[in-house]
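The next block holds one structure in the form of structure tokens; read it before the comments.
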Amino acid sequence: MNSTAIGTATHIFSCCSEAPINPKTVTRPGLSVRASTVWAAHSGPENAIDGRNSSAYFGKEDELPFLEVDLGEVFTIASVRLLPRKVVYGTGRFKNISVRAGLTQVSGPDFSSYEELALFPGPPPNPWGWLEHRLSEPVNGRYVAIQRIATTGESYLEMNEFEVLVPIC
């Protein structure tokens with residue numbers, strides 16, 4: 001794992017998780033999801049939460065690209081998982097990825113009012129696989145944003161899947 005932190009982030013993704021942890025996934029097809037850009041109709045943001053590792057979201061070049069999922073209600077978030085898009089165009093497209101959660105939706109790309117859940121400095125794992133961060137303290141959130149926060153280098157956001165996991169009560 002690359003342990004280089006960006007800024008003051010302390011919640012670094014670990015690499016590489018093979019299977020989901022015990023809590024249940026609350027991201028699922030049908031939730032409202034939006035992105036700052038979309039490359040083409042077949043690569044829309046809904047692909048990031050469709051439960052299929054074979055589909056992918058990928059956006060156009062954007063200074064601070066983001067994808068945001070509305071979970072539909074407030075959940076106590078225990079863990080987040082990301083499956084980067086399989087490396088097709090080099091490793092520069094999945095770096096400096098921040099995951100944040102908030103209670104009130106903001107328009108983006110400024111998600112500083114959301115609490116940071118995790119940060120992935122990059123590059124993506126090789127071989128390809130899931131990235132996971134289990135929070136030391138659960139965080140309440142309804143809106144979860146995934147954003148590339150670096151303003152230098154390639155400025156794309158791409159992923160196959162994203163999951164928000166909550167404790168099973």
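In the structure tokens, chains take the letters A, B, ... in the order shown, each chain's residues start at 1, and ligands count up from 1 in the order shown.
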
Which residues of region 15-98 of chain A come within 7 Å of region 141-147 of chain A, and what is each one's closest atom pair and distance in Å (one decimal), counting only C-alpha atoms, sorted by chain and residue number, as a tab-separated table?
```
residue	atom	partner	partner_atom	distance
A:Leu64	CA	A:Gln147	CA	6.8
A:Pro65	CA	A:Gln147	CA	5.7
A:Phe66	CA	A:Gln147	CA	4.2
A:Leu67	CA	A:Ile146	CA	5.3
A:Glu68	CA	A:Ala145	CA	4.2
A:Val69	CA	A:Val144	CA	5.3
A:Asp70	CA	A:Tyr143	CA	4.7
A:Leu71	CA	A:Arg142	CA	5.2
A:Gly72	CA	A:Arg142	CA	6.5
A:Glu73	CA	A:Arg142	CA	5.4
A:Val74	CA	A:Arg142	CA	4.4
A:Phe75	CA	A:Gly141	CA	5.6
A:Thr76	CA	A:Gly141	CA	6.5
A:Ile77	CA	A:Gly141	CA	6.8
A:Ile97	CA	A:Gln147	CA	5.5
A:Ser98	CA	A:Gln147	CA	5.2
```

Print the selection's residues with all heavy atoms to a file, as a compact mmCIF listing (two decimals), in the first residue's frame.
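So result_32.txt came out as:
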```txt
# COMPACT_ATOMS: atom_id res chain seq x y z
N LEU A 64 -11.92 18.90 -11.05
CA LEU A 64 -12.16 18.18 -9.79
C LEU A 64 -13.35 17.23 -9.99
O LEU A 64 -14.43 17.45 -9.46
CB LEU A 64 -12.44 19.16 -8.65
CG LEU A 64 -11.26 20.03 -8.22
CD1 LEU A 64 -11.71 21.14 -7.29
CD2 LEU A 64 -10.18 19.18 -7.57
N PRO A 65 -13.15 16.17 -10.76
CA PRO A 65 -14.27 15.28 -11.08
C PRO A 65 -14.82 14.58 -9.84
O PRO A 65 -14.08 14.26 -8.92
CB PRO A 65 -13.65 14.27 -12.05
CG PRO A 65 -12.21 14.26 -11.72
CD PRO A 65 -11.88 15.66 -11.28
N PHE A 66 -16.14 14.38 -9.84
CA PHE A 66 -16.77 13.72 -8.70
C PHE A 66 -17.95 12.88 -9.14
O PHE A 66 -18.52 13.06 -10.21
CB PHE A 66 -17.21 14.74 -7.65
CG PHE A 66 -18.35 15.62 -8.07
CD1 PHE A 66 -19.67 15.21 -7.89
CD2 PHE A 66 -18.12 16.87 -8.64
CE1 PHE A 66 -20.73 16.03 -8.28
CE2 PHE A 66 -19.16 17.68 -9.03
CZ PHE A 66 -20.47 17.26 -8.85
N LEU A 67 -18.30 11.98 -8.25
CA LEU A 67 -19.51 11.17 -8.36
C LEU A 67 -20.14 11.21 -6.97
O LEU A 67 -19.42 11.11 -5.97
CB LEU A 67 -19.15 9.74 -8.74
CG LEU A 67 -20.31 8.76 -8.88
CD1 LEU A 67 -20.02 7.80 -10.03
CD2 LEU A 67 -20.54 7.97 -7.63
N GLU A 68 -21.44 11.41 -6.90
CA GLU A 68 -22.11 11.47 -5.60
C GLU A 68 -23.33 10.56 -5.59
O GLU A 68 -24.12 10.56 -6.52
CB GLU A 68 -22.54 12.89 -5.27
CG GLU A 68 -23.15 12.99 -3.87
CD GLU A 68 -23.67 14.38 -3.56
OE1 GLU A 68 -24.45 14.92 -4.38
OE2 GLU A 68 -23.29 14.90 -2.51
N VAL A 69 -23.46 9.78 -4.51
CA VAL A 69 -24.58 8.86 -4.34
C VAL A 69 -25.47 9.39 -3.21
O VAL A 69 -24.98 9.73 -2.13
CB VAL A 69 -24.09 7.45 -3.96
CG1 VAL A 69 -25.27 6.50 -3.76
CG2 VAL A 69 -23.13 6.91 -5.01
N ASP A 70 -26.77 9.45 -3.48
CA ASP A 70 -27.76 9.77 -2.46
C ASP A 70 -28.27 8.43 -1.94
O ASP A 70 -28.93 7.68 -2.67
CB ASP A 70 -28.89 10.59 -3.06
CG ASP A 70 -30.01 10.91 -2.07
OD1 ASP A 70 -29.99 10.41 -0.92
OD2 ASP A 70 -30.92 11.67 -2.46
N LEU A 71 -27.97 8.11 -0.69
CA LEU A 71 -28.36 6.82 -0.11
C LEU A 71 -29.86 6.76 0.20
O LEU A 71 -30.37 5.71 0.58
CB LEU A 71 -27.55 6.55 1.15
CG LEU A 71 -26.03 6.46 0.96
CD1 LEU A 71 -25.34 6.29 2.31
CD2 LEU A 71 -25.65 5.37 -0.01
N GLY A 72 -30.56 7.89 0.05
CA GLY A 72 -32.01 7.90 0.24
C GLY A 72 -32.44 8.20 1.66
O GLY A 72 -33.56 8.65 1.90
N GLU A 73 -31.58 7.93 2.61
CA GLU A 73 -31.82 8.23 4.03
C GLU A 73 -30.48 8.24 4.73
O GLU A 73 -29.46 7.84 4.16
CB GLU A 73 -32.75 7.19 4.66
CG GLU A 73 -32.19 5.78 4.68
CD GLU A 73 -33.16 4.77 5.27
OE1 GLU A 73 -33.21 4.67 6.51
OE2 GLU A 73 -33.84 4.09 4.47
N VAL A 74 -30.45 8.70 5.97
CA VAL A 74 -29.21 8.75 6.73
C VAL A 74 -28.88 7.35 7.24
O VAL A 74 -29.73 6.66 7.78
CB VAL A 74 -29.32 9.74 7.92
CG1 VAL A 74 -28.08 9.68 8.80
CG2 VAL A 74 -29.55 11.16 7.39
N PHE A 75 -27.64 6.95 7.02
CA PHE A 75 -27.12 5.68 7.51
C PHE A 75 -25.89 5.94 8.37
O PHE A 75 -25.20 6.94 8.19
CB PHE A 75 -26.71 4.76 6.36
CG PHE A 75 -27.85 4.13 5.63
CD1 PHE A 75 -28.32 4.67 4.44
CD2 PHE A 75 -28.45 2.98 6.11
CE1 PHE A 75 -29.38 4.10 3.76
CE2 PHE A 75 -29.52 2.38 5.45
CZ PHE A 75 -29.97 2.94 4.27
N THR A 76 -25.61 5.02 9.27
CA THR A 76 -24.36 5.02 10.03
C THR A 76 -23.37 4.23 9.20
O THR A 76 -23.48 3.01 9.08
CB THR A 76 -24.55 4.40 11.42
OG1 THR A 76 -25.55 5.16 12.12
CG2 THR A 76 -23.26 4.41 12.21
N ILE A 77 -22.41 4.91 8.62
CA ILE A 77 -21.46 4.30 7.69
C ILE A 77 -20.30 3.69 8.46
O ILE A 77 -19.66 4.36 9.27
CB ILE A 77 -20.96 5.34 6.68
CG1 ILE A 77 -22.15 5.91 5.89
CG2 ILE A 77 -19.90 4.76 5.75
CD1 ILE A 77 -21.83 7.14 5.06
N ILE A 97 -7.94 10.06 -4.61
CA ILE A 97 -9.38 9.90 -4.54
C ILE A 97 -9.84 10.07 -3.09
O ILE A 97 -9.40 9.35 -2.20
CB ILE A 97 -9.81 8.51 -5.06
CG1 ILE A 97 -9.26 8.25 -6.47
CG2 ILE A 97 -11.32 8.35 -4.98
CD1 ILE A 97 -9.76 9.20 -7.53
N SER A 98 -10.72 11.01 -2.88
CA SER A 98 -11.28 11.29 -1.55
C SER A 98 -12.73 10.81 -1.52
O SER A 98 -13.47 10.99 -2.49
CB SER A 98 -11.23 12.80 -1.28
OG SER A 98 -11.90 13.12 -0.08
```

Review point. Per DSSP on the backbone, what are the strand (DSSP E) residues of region 35-124 of chain A, as a VMD selection string?
Key: chain A and resid 35 57 to 58 66 to 84 97 to 102 115 to 120

Exercise for review: Considering only C-alpha atoms, return as a ChimeraX atom specification whatever protein or nucleic-acid residues lie within 7 Å of Arg28 (chain A), sequence-local ones (same chain, fewer than 2 positions apart) excluded.
Suggested key: /A:26,30-31,49-51

Exercise for review: Name all residues at most 6 Å from region 151-156 of chain A (count only C-alpha atoms; drop same-chain ones fewer than 3 positions away) and give them as a ChimeraX atom specification.
Suggested key: /A:61-63,93

Export, as a PDB file, in the first residue's frame, the selected residues with N, CA and C atoms.
```pdb
ATOM      1  N   GLU A  61     -12.619  14.531 -18.911  1.00  0.00           N
ATOM      2  CA  GLU A  61     -11.615  15.277 -18.177  1.00  0.00           C
ATOM      3  C   GLU A  61     -12.294  16.459 -17.481  1.00  0.00           C
ATOM      4  N   ASP A  62     -11.958  16.651 -16.215  1.00  0.00           N
ATOM      5  CA  ASP A  62     -12.592  17.680 -15.394  1.00  0.00           C
ATOM      6  C   ASP A  62     -11.595  18.066 -14.310  1.00  0.00           C
ATOM      7  N   GLU A  63     -11.586  19.321 -13.901  1.00  0.00           N
ATOM      8  CA  GLU A  63     -10.589  19.761 -12.922  1.00  0.00           C
ATOM      9  C   GLU A  63     -10.719  19.020 -11.589  1.00  0.00           C
ATOM     10  N   ARG A  93      -5.030   7.564 -13.760  1.00  0.00           N
ATOM     11  CA  ARG A  93      -6.433   7.983 -13.694  1.00  0.00           C
ATOM     12  C   ARG A  93      -7.117   7.650 -12.382  1.00  0.00           C
TER      13      ARG A  93
END
```

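The space separating CA of Lys95 (chain A) from CA of Thr27 (chain A) comes to 22.4 Å.
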
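Straight-line separation from CA of Leu165 (chain A) to CA of Pro84 (chain A): 17.2 Å.
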
Check your understanding: Could you work out how far CA of Pro125 (chain A) lies from CA of Phe94 (chain A), giving the answer in Å with one decimal?
Key ->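 Distance between the two atoms: 9.7 Å.
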
For Phe162 (chain A), list every protein, DNA or RNA residue within 6 Å, evaluated using only C-alpha atoms, and leave out those in the same chain fewer than 5 positions away; present the list as a PDB file with C-alpha atoms, in the first residue's frame.
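So the final result, stored in selection_34.pdb, reads:
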```
ATOM      1  CA  ALA A  48     -20.711   2.562 -10.128  1.00  0.00           C
ATOM      2  CA  ILE A  49     -23.501   1.171  -7.927  1.00  0.00           C
ATOM      3  CA  ARG A  81     -15.161   0.059  -0.759  1.00  0.00           C
ATOM      4  CA  LEU A  82     -14.032   1.040  -4.252  1.00  0.00           C
TER       5      LEU A  82
END
```

Revision key, fill the gap. The residue from A:Asn53, A:Ala101, A:Pro109, A:Leu157 with the smallest atom-to-atom distance to Val139 (chain A), counting only C-alpha atoms, is A:Ala101

**Study point:** Distance criterion (only C-alpha atoms): nearest to Asn47 (chain A) out of A:Ile168, A:Ala35, A:Glu161, A:Ile149
**Key:**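 Closest candidate: A:Glu161.
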